[in-house]
Every structure is written in structure tokens, then in C-alpha cells.
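Chemist: Following this line is input_38.cif, made up of mmCIF, C-alpha atoms:
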data_protein
loop_
_atom_site.label_atom_id
_atom_site.label_comp_id
_atom_site.auth_asym_id
_atom_site.auth_seq_id
_atom_site.Cartn_x
_atom_site.Cartn_y
_atom_site.Cartn_z
CA MET U 1 67.02 -106.61 38.40
CA ALA U 2 66.60 -103.97 35.68
CA ARG U 3 63.15 -105.21 34.67
CA ALA U 4 61.97 -105.21 38.27
CA ALA U 5 63.34 -101.70 38.88
CA LEU U 6 61.21 -100.45 35.98
CA GLY U 7 58.14 -102.33 37.19
CA LEU U 8 57.92 -104.24 33.90
CA GLY U 9 56.44 -107.67 33.50
CA ILE U 10 58.08 -110.36 31.41
CA ARG U 11 55.54 -109.92 28.61
CA GLU U 12 56.03 -106.15 28.58
CA LEU U 13 59.80 -106.44 28.22
CA ALA U 14 59.41 -109.16 25.59
CA THR U 15 57.19 -106.88 23.53
CA MET U 16 59.59 -103.95 23.87
CA ALA U 17 62.57 -106.09 22.81
CA GLN U 18 60.59 -107.96 20.15
CA VAL U 19 61.41 -111.36 21.64
CA SER U 20 59.24 -114.03 23.21
CA PRO U 21 58.38 -114.03 26.91
CA ASN U 22 60.13 -117.43 27.11
CA THR U 23 63.31 -115.75 25.86
CA VAL U 24 63.13 -113.16 28.66
CA SER U 25 62.67 -115.95 31.20
CA ARG U 26 65.63 -117.88 29.78
CA PHE U 27 67.77 -114.74 29.95
CA GLU U 28 66.81 -114.13 33.58
CA ARG U 29 67.74 -117.73 34.44
CA GLY U 30 71.19 -117.11 32.97
CA GLU U 31 70.79 -119.38 29.97
CA ALA U 32 72.87 -118.69 26.86
CA LEU U 33 71.19 -116.59 24.16
CA TYR U 34 72.30 -115.20 20.82
CA GLY U 35 74.24 -111.94 21.13
CA ARG U 36 71.65 -110.07 19.04
CA THR U 37 68.92 -111.21 21.47
CA VAL U 38 70.86 -109.95 24.49
CA ASP U 39 71.50 -106.69 22.60
CA ALA U 40 67.75 -106.29 21.94
CA LEU U 41 66.92 -106.81 25.61
CA ARG U 42 69.62 -104.38 26.71
CA ALA U 43 68.49 -101.74 24.19
CA ALA U 44 64.87 -102.03 25.37
CA LEU U 45 65.90 -101.63 29.00
CA GLU U 46 68.22 -98.69 28.24
CA ALA U 47 65.47 -96.97 26.24
CA SER U 48 63.29 -97.27 29.34
CA GLY U 49 65.86 -95.55 31.56
CA VAL U 50 68.21 -98.26 32.80
CA ILE U 51 71.94 -97.58 33.05
CA PHE U 52 74.14 -100.67 33.14
CA ILE U 53 77.15 -100.43 35.45
CA GLU U 54 80.19 -102.43 34.41
CA GLU U 55 82.14 -104.71 36.73
CA ASN U 56 84.07 -102.59 39.24
CA GLY U 57 85.28 -105.09 41.78
CA GLU U 58 81.86 -105.43 43.39
CA GLY U 59 80.15 -106.98 40.37
CA PRO U 60 78.05 -105.47 37.59
CA GLY U 61 74.82 -103.65 38.36
CA VAL U 62 72.08 -101.35 37.15
CA ARG U 63 70.60 -98.02 38.12
CA LEU U 64 67.80 -95.85 36.77
CA LYS U 65 68.40 -92.54 35.04
CA LYS U 66 67.37 -89.49 37.02
CA LEU U 67 64.10 -87.96 35.96
CA ARG U 68 64.45 -84.43 34.70
CA ALA U 69 62.22 -81.80 36.25
CA ASP U 70 60.14 -79.86 33.74
CA ALA U 71 61.64 -76.47 33.02
CA GLY U 72 58.10 -75.39 32.09
#
Please express the file's structure as C-alpha cells.
Modeler:
Amino acid sequence: MARAALGLGIRELATMAQVSPNTVSRFERGEALYGRTVDALRAALEASGVIFIEENGEGPGVRLKKLRADAG
């Protein structure tokens, strides 16, 4: 969901997280990955503006950070 919200392709996210595209696909299918791999994917998505929302009774989710207007 986070990757789609950013308009990123699998290869783009893989490059950002320094993992293989196959790893991104496995993650999206819910397959088990090493913790450090999940951390790399999460860090790449957060650096791109994703906020992860913890479980709150309705399930976990994501949202995008608000864009700041230029003060310029």
C-alpha cells in the first residue's frame, strides 16, 4: 500500500532499500524476511514520506506526510 501511494515501482523501491526486486515482491506477498531487510524497506518508505500507523483496533495502515508549502 505504501509503495503504491508513492507511485513507486518494485524496482525503484528495491533500489532505494538496497534489496533485490524479488525481495520486495516476497515482502508484498507476506513472506518472511530477515528483520534487517524489513527495516531497510521501512526506512526507504519513511524517507520518501510514508508514515506507518500502528494497530489501533482497525488494523495497521499508512499515510503520506503533508507537503510543506514554500515560505519563499
Chemist: Tell me which protein, DNA and RNA residues are within 12 Å of Arg42 (chain U), counting all atoms listed in the file, leaving out same-chain ones fewer than 6 positions away, and put them as a ChimeraX atom specification.
Modeler: /U:2-3,13-14,16-19,24,27,35-36,48-52,62
Chemist: Record the distance separating CA of Gly61 (chain U) and CA of Glu46 (chain U), expressed in Å with one decimal.
Modeler: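 CA of Glu46 (chain U) lies at a distance of 13.1 Å from CA of Gly61 (chain U).
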Chemist: Find the distance between CA of Arg26 (chain U) and CA of Leu8 (chain U) and write it in Å to one decimal.
Modeler: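 Straight-line distance from CA of Arg26 (chain U) to CA of Leu8 (chain U) works out to 16.2 Å.
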Chemist: Which value, in Å to one decimal, gives the distance between CA of Asn56 (chain U) and CA of Gly9 (chain U)?
Modeler: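 CA of Asn56 (chain U) sits 28.7 Å away from CA of Gly9 (chain U).
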Chemist: Find the residue from U:Ile10, U:Met1, U:Leu64, U:Ala32 that sits nearest to Ala47 (chain U); use all atoms listed in the file when measuring.
Modeler: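 Residue with the minimum atom-to-atom distance to Ala47 (chain U): U:Leu64.
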